[in-house]
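A.B. asks: start32.pdb is the file, holding PDB, C-alpha atoms and all ligand atoms:
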```pdb
ATOM      1  CA  MET A1444     -17.950  19.694 -24.713
ATOM      2  CA  SER A1445     -16.598  21.220 -21.540
ATOM      3  CA  ASP A1446     -12.986  20.960 -20.456
ATOM      4  CA  ALA A1447     -13.897  18.527 -17.699
ATOM      5  CA  HIS A1448     -15.340  16.100 -20.202
ATOM      6  CA  THR A1449     -12.342  16.311 -22.484
ATOM      7  CA  TYR A1450      -9.697  15.761 -19.806
ATOM      8  CA  ASN A1451      -6.798  14.232 -21.695
ATOM      9  CA  LEU A1452      -5.712  10.841 -20.370
ATOM     10  CA  ASP A1453      -3.136  10.260 -23.074
ATOM     11  CA  CYS A1454       0.611  10.576 -22.697
ATOM     12  CA  GLN A1455       1.620  13.263 -25.168
ATOM     13  CA  LYS A1456       4.968  11.594 -25.733
ATOM     14  CA  CYS A1457       3.767   8.049 -26.337
ATOM     15  CA  GLN A1458       0.199   8.600 -27.542
ATOM     16  CA  VAL A1459      -1.042   5.890 -25.196
ATOM     17  CA  GLN A1460      -3.537   6.246 -22.401
ATOM     18  CA  TYR A1461      -2.239   6.630 -18.870
ATOM     19  CA  LYS A1462      -2.994   3.759 -16.539
ATOM     20  CA  LEU A1463      -4.447   4.378 -13.103
ATOM     21  CA  ASP A1464      -1.664   3.706 -10.606
ATOM     22  CA  ASP A1465      -3.196   4.793  -7.331
ATOM     23  CA  VAL A1466      -5.917   6.839  -5.725
ATOM     24  CA  ALA A1467      -5.179   9.173  -2.828
ATOM     25  CA  PHE A1468      -8.004  10.238  -0.577
ATOM     26  CA  ASP A1469      -7.440  13.477   1.272
ATOM     27  CA  LYS A1470      -8.190  12.998   4.953
ATOM     28  CA  SER A1471      -8.403  16.720   5.598
ATOM     29  CA  CYS A1472     -11.558  18.750   5.102
ATOM     30  CA  GLN A1473     -10.434  20.006   1.692
ATOM     31  CA  ASN A1474     -11.577  16.961  -0.258
ATOM     32  CA  LYS A1475      -8.582  17.122  -2.550
ATOM     33  CA  HIS A1476      -8.808  13.524  -3.652
ATOM     34  CA  THR A1477      -6.334  12.632  -6.329
ATOM     35  CA  PHE A1478      -5.891  10.149  -9.132
ATOM     36  CA  LEU A1479      -2.314   9.094  -9.811
ATOM     37  CA  PHE A1480      -1.653   7.952 -13.348
ATOM     38  CA  MET A1481       1.339   6.263 -14.899
ATOM     39  CA  CYS A1482       2.133   5.959 -18.565
ATOM     40  CA  PRO A1483       2.595   2.216 -19.286
ATOM     41  CA  SER A1484       5.057   3.060 -22.022
ATOM     42  CA  CYS A1485       7.487   5.659 -20.610
ATOM     43  CA  GLY A1486       6.636   5.395 -16.895
ATOM     44  CA  ASP A1487       5.787   9.061 -16.573
ATOM     45  CA  TYR A1488       3.603   9.953 -13.596
ATOM     46  CA  LYS A1489       0.911  12.520 -13.344
ATOM     47  CA  ALA A1490      -1.679  13.345 -10.732
ATOM     48  CA  THR A1491      -4.978  15.104 -11.094
ATOM     49  CA  ALA A1492      -7.792  16.012  -8.764
ATOM     50  CA  MET A1493     -10.613  13.500  -8.968
ATOM     51  CA  THR A1494     -12.991  16.385  -9.572
ATOM     52  CA  ASN A1495     -11.206  17.081 -12.869
ATOM     53  CA  ILE A1496     -12.639  13.924 -14.355
ATOM     54  CA  PRO A1497     -16.397  13.367 -14.230
ATOM     55  CA  GLN A1498     -17.415  10.132 -12.562
ATOM     56  CA  GLU A1499     -19.066   8.836 -15.722
ATOM     57  CA  ARG A1500     -15.589   8.656 -17.275
ATOM     58  CA  TRP A1501     -13.913   6.782 -14.415
ATOM     59  CA  SER A1502     -14.818   3.473 -16.042
ATOM     60  CA  GLU A1503     -12.401   4.405 -18.835
ATOM     61  CA  PHE A1504      -9.438   3.770 -16.559
ATOM     62  CA  VAL A1505     -10.796   2.010 -13.463
ATOM     63  CA  PRO A1506     -11.262  -1.750 -13.875
ATOM     64  CA  ALA A1507     -14.936  -2.722 -13.667
ATOM     65  CA  ASP A1508     -14.395  -4.881 -10.589
ATOM     66  CA  GLU A1509     -12.802  -1.963  -8.731
ATOM     67  CA  LEU A1510     -15.150   0.793  -9.823
ATOM     68  CA  ASP A1511     -17.939   0.111  -7.312
ATOM     69  CA  ASP A1512     -15.424  -0.022  -4.485
ATOM     70  CA  LEU A1513     -13.792   3.208  -5.623
ATOM     71  CA  LEU A1514     -17.129   5.008  -5.914
ATOM     72  CA  ALA A1515     -18.075   3.842  -2.418
ATOM     73  CA  ARG A1516     -14.727   4.969  -0.957
ATOM     74  CA  HIS A1517     -15.035   8.296  -2.745
ATOM     75  CA  ALA A1518     -18.583   8.844  -1.465
ATOM     76  CA  ALA A1519     -17.446   7.962   2.068
ATOM     77  CA  ALA A1520     -14.450  10.301   1.815
ATOM     78  CA  MET A1521     -16.670  13.165   0.672
ATOM     79  CA  LYS A1522     -18.832  12.710   3.764
ATOM     80  CA  SER A1523     -16.186  12.054   6.386
ATOM     81  CA  HIS A1524     -15.441  15.476   7.736
TER      82      HIS A1524
HETATM   83 ZN    ZN A1601       4.499   7.997 -22.075
END
```
Starting from the file, lay out its structure as structure tokens.

C.D. replies:
Amino acid sequence: MSDAHTYNLDCQKCQVQYKLDDVAFDKSCQNKHTFLFMCPSCGDYKATAMTNIPQERWSEFVPADELDDLLARHAAAMKSH
């Protein structure tokens, strides 16, 4: 498996999976869209570029009813420059 497919979503301290807290779309032409994660146990934050996590894994942390909307916003953001 490649590194991208093994991106670690677990808090090393708590051994629980980070929860998606927010998504930041970059309005510039650099397409540096970012996922912001929070550990539900210790409250630690981390951010990672959306490109670090393949879209087929987004369903692991994006609620099903928000995934379509997120994919649409991401596709629109990738085109809007
Ligand atoms: Zn933690």

A.B. asks: What residues come out when you apply the PyMOL selection byres (((chain A and resi 1462-1478) around 9) and not hetatm) to this file, written as JSON, numbers by chain?

C.D. replies: {"A": [1452, 1460, 1461, 1479, 1480, 1481, 1482, 1483, 1488, 1489, 1490, 1491, 1492, 1493, 1494, 1504, 1505, 1513, 1516, 1517, 1520, 1521, 1523, 1524]}

A.B. asks: By how many Å are CA of Gln1455 (chain A) and CA of Ser1502 (chain A) apart?

C.D. replies: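 Interatomic distance here is 21.2 Å.
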
A.B. asks: Given 5 Å on each side, where is the centre and what are the edge lengths in Å to one decimal of the axis-aligned box enclosing the listed atoms of region 1455-1473 of chain A, as AutoDock Vina command-line options?

C.D. replies:
```
--center_x -3.3 --center_y 11.9 --center_z -11.0 --size_x 26.5 --size_y 26.3 --size_z 43.1
```

A.B. asks: Please extract the residues at most 6 Å from ligand ZN 1601 (chain A), counting all atoms listed in the file, and provide them as a list of chain:residue names, using the chain letters and residue numbers of this document.

C.D. replies: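 Result of the 6 Å neighbour search around ligand ZN 1601 (chain A): A:Cys1454, A:Lys1456, A:Cys1457, A:Cys1482, A:Ser1484, A:Cys1485, A:Asp1487.
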
A.B. asks: Using all atoms listed in the file, can you tell me which of A:Leu1514, A:Gly1486, A:Gln1458, A:Tyr1450 comes closest to Gln1498 (chain A)?

C.D. replies: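 Among A:Leu1514, A:Gly1486, A:Gln1458, A:Tyr1450, it is A:Leu1514 that comes nearest to Gln1498 (chain A).
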
A.B. asks: What is the CA of Asp1511 (chain A) to CA of Glu1499 (chain A) distance in Å?

C.D. replies: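 Here the two named atoms are 12.2 Å from each other.
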
A.B. asks: Quick check, in Å to one decimal: how far apart do CA of Ala1515 (chain A) and CA of Asn1451 (chain A) lie?

C.D. replies: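 We find that CA of Ala1515 (chain A) and CA of Asn1451 (chain A) lie 24.6 Å from each other.
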
A.B. asks: Pick out the closest residue to Thr1449 (chain A) from this set: A:Ala1507, A:Asp1512, A:Lys1522, A:Ile1496. Count only C-alpha atoms.

C.D. replies: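 Closest to Thr1449 (chain A) of all the choices is A:Ile1496.
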
A.B. asks: Got a sec to write region 1471-1507 of chain A of the block to a file, N, CA, C and O atoms, as a short mmCIF file (atom, residue, chain, number, x, y, z; two decimals), in the first residue's frame?

C.D. replies:
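So the final result, stored in result_24.cif, reads:
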```cif
data_model
loop_
_atom_site.label_atom_id
_atom_site.label_comp_id
_atom_site.auth_asym_id
_atom_site.auth_seq_id
_atom_site.Cartn_x
_atom_site.Cartn_y
_atom_site.Cartn_z
N SER A 1471 -7.44 30.56 -3.44
CA SER A 1471 -6.40 30.96 -4.38
C SER A 1471 -6.25 29.89 -5.45
O SER A 1471 -6.95 28.88 -5.44
N CYS A 1472 -5.29 30.09 -6.35
CA CYS A 1472 -5.14 29.13 -7.44
C CYS A 1472 -4.29 27.94 -7.04
O CYS A 1472 -3.94 27.11 -7.86
N GLN A 1473 -3.93 27.83 -5.75
CA GLN A 1473 -3.01 26.75 -5.38
C GLN A 1473 -3.71 25.46 -5.01
O GLN A 1473 -3.07 24.43 -4.84
N ASN A 1474 -5.03 25.53 -4.86
CA ASN A 1474 -5.80 24.33 -4.55
C ASN A 1474 -5.31 23.60 -3.30
O ASN A 1474 -5.28 22.38 -3.25
N LYS A 1475 -4.93 24.40 -2.29
CA LYS A 1475 -4.47 23.76 -1.06
C LYS A 1475 -5.65 23.59 -0.11
O LYS A 1475 -5.74 24.24 0.92
N HIS A 1476 -6.56 22.73 -0.49
CA HIS A 1476 -7.73 22.48 0.34
C HIS A 1476 -7.32 21.59 1.51
O HIS A 1476 -6.49 20.71 1.37
N THR A 1477 -7.94 21.88 2.64
CA THR A 1477 -7.45 21.27 3.88
C THR A 1477 -8.56 20.64 4.70
O THR A 1477 -9.64 21.22 4.84
N PHE A 1478 -8.29 19.47 5.24
CA PHE A 1478 -9.15 18.88 6.25
C PHE A 1478 -8.62 19.28 7.62
O PHE A 1478 -7.42 19.22 7.87
N LEU A 1479 -9.54 19.65 8.52
CA LEU A 1479 -9.15 19.94 9.89
C LEU A 1479 -9.77 18.87 10.79
O LEU A 1479 -10.99 18.70 10.79
N PHE A 1480 -8.92 18.18 11.50
CA PHE A 1480 -9.38 17.09 12.36
C PHE A 1480 -9.19 17.43 13.82
O PHE A 1480 -8.26 18.14 14.18
N MET A 1481 -10.09 16.90 14.65
CA MET A 1481 -9.95 17.06 16.08
C MET A 1481 -10.08 15.70 16.74
O MET A 1481 -10.94 14.90 16.38
N CYS A 1482 -9.22 15.46 17.70
CA CYS A 1482 -9.33 14.21 18.46
C CYS A 1482 -10.48 14.36 19.46
O CYS A 1482 -10.47 15.29 20.27
N PRO A 1483 -11.47 13.47 19.41
CA PRO A 1483 -12.63 13.59 20.32
C PRO A 1483 -12.25 13.33 21.77
O PRO A 1483 -13.00 13.66 22.67
N SER A 1484 -11.09 12.76 21.98
CA SER A 1484 -10.69 12.42 23.34
C SER A 1484 -9.86 13.51 24.00
O SER A 1484 -10.18 13.98 25.08
N CYS A 1485 -8.78 13.96 23.33
CA CYS A 1485 -7.91 14.96 23.97
C CYS A 1485 -8.07 16.36 23.36
O CYS A 1485 -7.49 17.31 23.85
N GLY A 1486 -8.85 16.48 22.27
CA GLY A 1486 -9.09 17.80 21.70
C GLY A 1486 -7.97 18.31 20.83
O GLY A 1486 -7.98 19.47 20.42
N ASP A 1487 -7.00 17.48 20.55
CA ASP A 1487 -5.88 17.88 19.71
C ASP A 1487 -6.35 18.13 18.28
O ASP A 1487 -7.21 17.41 17.77
N TYR A 1488 -5.80 19.17 17.66
CA TYR A 1488 -6.14 19.50 16.28
C TYR A 1488 -5.03 19.10 15.35
O TYR A 1488 -3.85 19.19 15.69
N LYS A 1489 -5.42 18.67 14.16
CA LYS A 1489 -4.41 18.58 13.11
C LYS A 1489 -5.08 18.85 11.77
O LYS A 1489 -6.28 18.64 11.59
N ALA A 1490 -4.28 19.35 10.85
CA ALA A 1490 -4.77 19.67 9.52
C ALA A 1490 -3.94 18.92 8.51
O ALA A 1490 -2.75 18.70 8.70
N THR A 1491 -4.59 18.52 7.43
CA THR A 1491 -3.84 17.88 6.36
C THR A 1491 -4.45 18.25 5.02
O THR A 1491 -5.65 18.52 4.93
N ALA A 1492 -3.62 18.32 4.02
CA ALA A 1492 -4.12 18.63 2.68
C ALA A 1492 -5.09 17.53 2.24
O ALA A 1492 -4.85 16.34 2.49
N MET A 1493 -6.16 17.94 1.60
CA MET A 1493 -7.16 16.96 1.16
C MET A 1493 -6.54 15.94 0.20
O MET A 1493 -6.97 14.80 0.15
N THR A 1494 -5.52 16.37 -0.52
CA THR A 1494 -4.88 15.45 -1.46
C THR A 1494 -4.10 14.34 -0.76
O THR A 1494 -3.71 13.36 -1.39
N ASN A 1495 -3.86 14.50 0.55
CA ASN A 1495 -3.14 13.46 1.28
C ASN A 1495 -4.00 12.23 1.53
O ASN A 1495 -3.47 11.16 1.89
N ILE A 1496 -5.30 12.40 1.42
CA ILE A 1496 -6.20 11.29 1.70
C ILE A 1496 -7.04 11.02 0.45
O ILE A 1496 -7.77 11.90 0.01
N PRO A 1497 -6.92 9.85 -0.14
CA PRO A 1497 -7.67 9.57 -1.36
C PRO A 1497 -9.19 9.65 -1.12
O PRO A 1497 -9.66 9.29 -0.04
N GLN A 1498 -9.88 10.13 -2.13
CA GLN A 1498 -11.32 10.36 -1.96
C GLN A 1498 -12.08 9.11 -1.54
O GLN A 1498 -13.10 9.21 -0.85
N GLU A 1499 -11.61 7.94 -1.94
CA GLU A 1499 -12.34 6.73 -1.56
C GLU A 1499 -12.28 6.47 -0.05
O GLU A 1499 -13.03 5.64 0.46
N ARG A 1500 -11.41 7.20 0.65
CA ARG A 1500 -11.36 7.02 2.11
C ARG A 1500 -12.14 8.09 2.86
O ARG A 1500 -12.28 8.01 4.09
N TRP A 1501 -12.62 9.12 2.16
CA TRP A 1501 -13.28 10.22 2.84
C TRP A 1501 -14.50 9.75 3.63
O TRP A 1501 -14.85 10.31 4.66
N SER A 1502 -15.14 8.69 3.13
CA SER A 1502 -16.33 8.18 3.82
C SER A 1502 -16.00 7.63 5.20
O SER A 1502 -16.89 7.41 6.01
N GLU A 1503 -14.69 7.43 5.47
CA GLU A 1503 -14.31 6.94 6.80
C GLU A 1503 -14.52 8.00 7.88
O GLU A 1503 -14.65 7.68 9.05
N PHE A 1504 -14.49 9.26 7.47
CA PHE A 1504 -14.63 10.31 8.49
C PHE A 1504 -15.65 11.39 8.12
O PHE A 1504 -15.94 12.26 8.92
N VAL A 1505 -16.19 11.33 6.90
CA VAL A 1505 -17.24 12.28 6.52
C VAL A 1505 -18.58 11.56 6.62
O VAL A 1505 -18.74 10.49 6.03
N PRO A 1506 -19.52 12.12 7.36
CA PRO A 1506 -20.84 11.48 7.47
C PRO A 1506 -21.47 11.31 6.08
O PRO A 1506 -21.31 12.17 5.21
N ALA A 1507 -22.17 10.19 5.89
CA ALA A 1507 -22.71 9.85 4.58
C ALA A 1507 -23.57 10.97 4.00
O ALA A 1507 -23.51 11.25 2.81
#
```
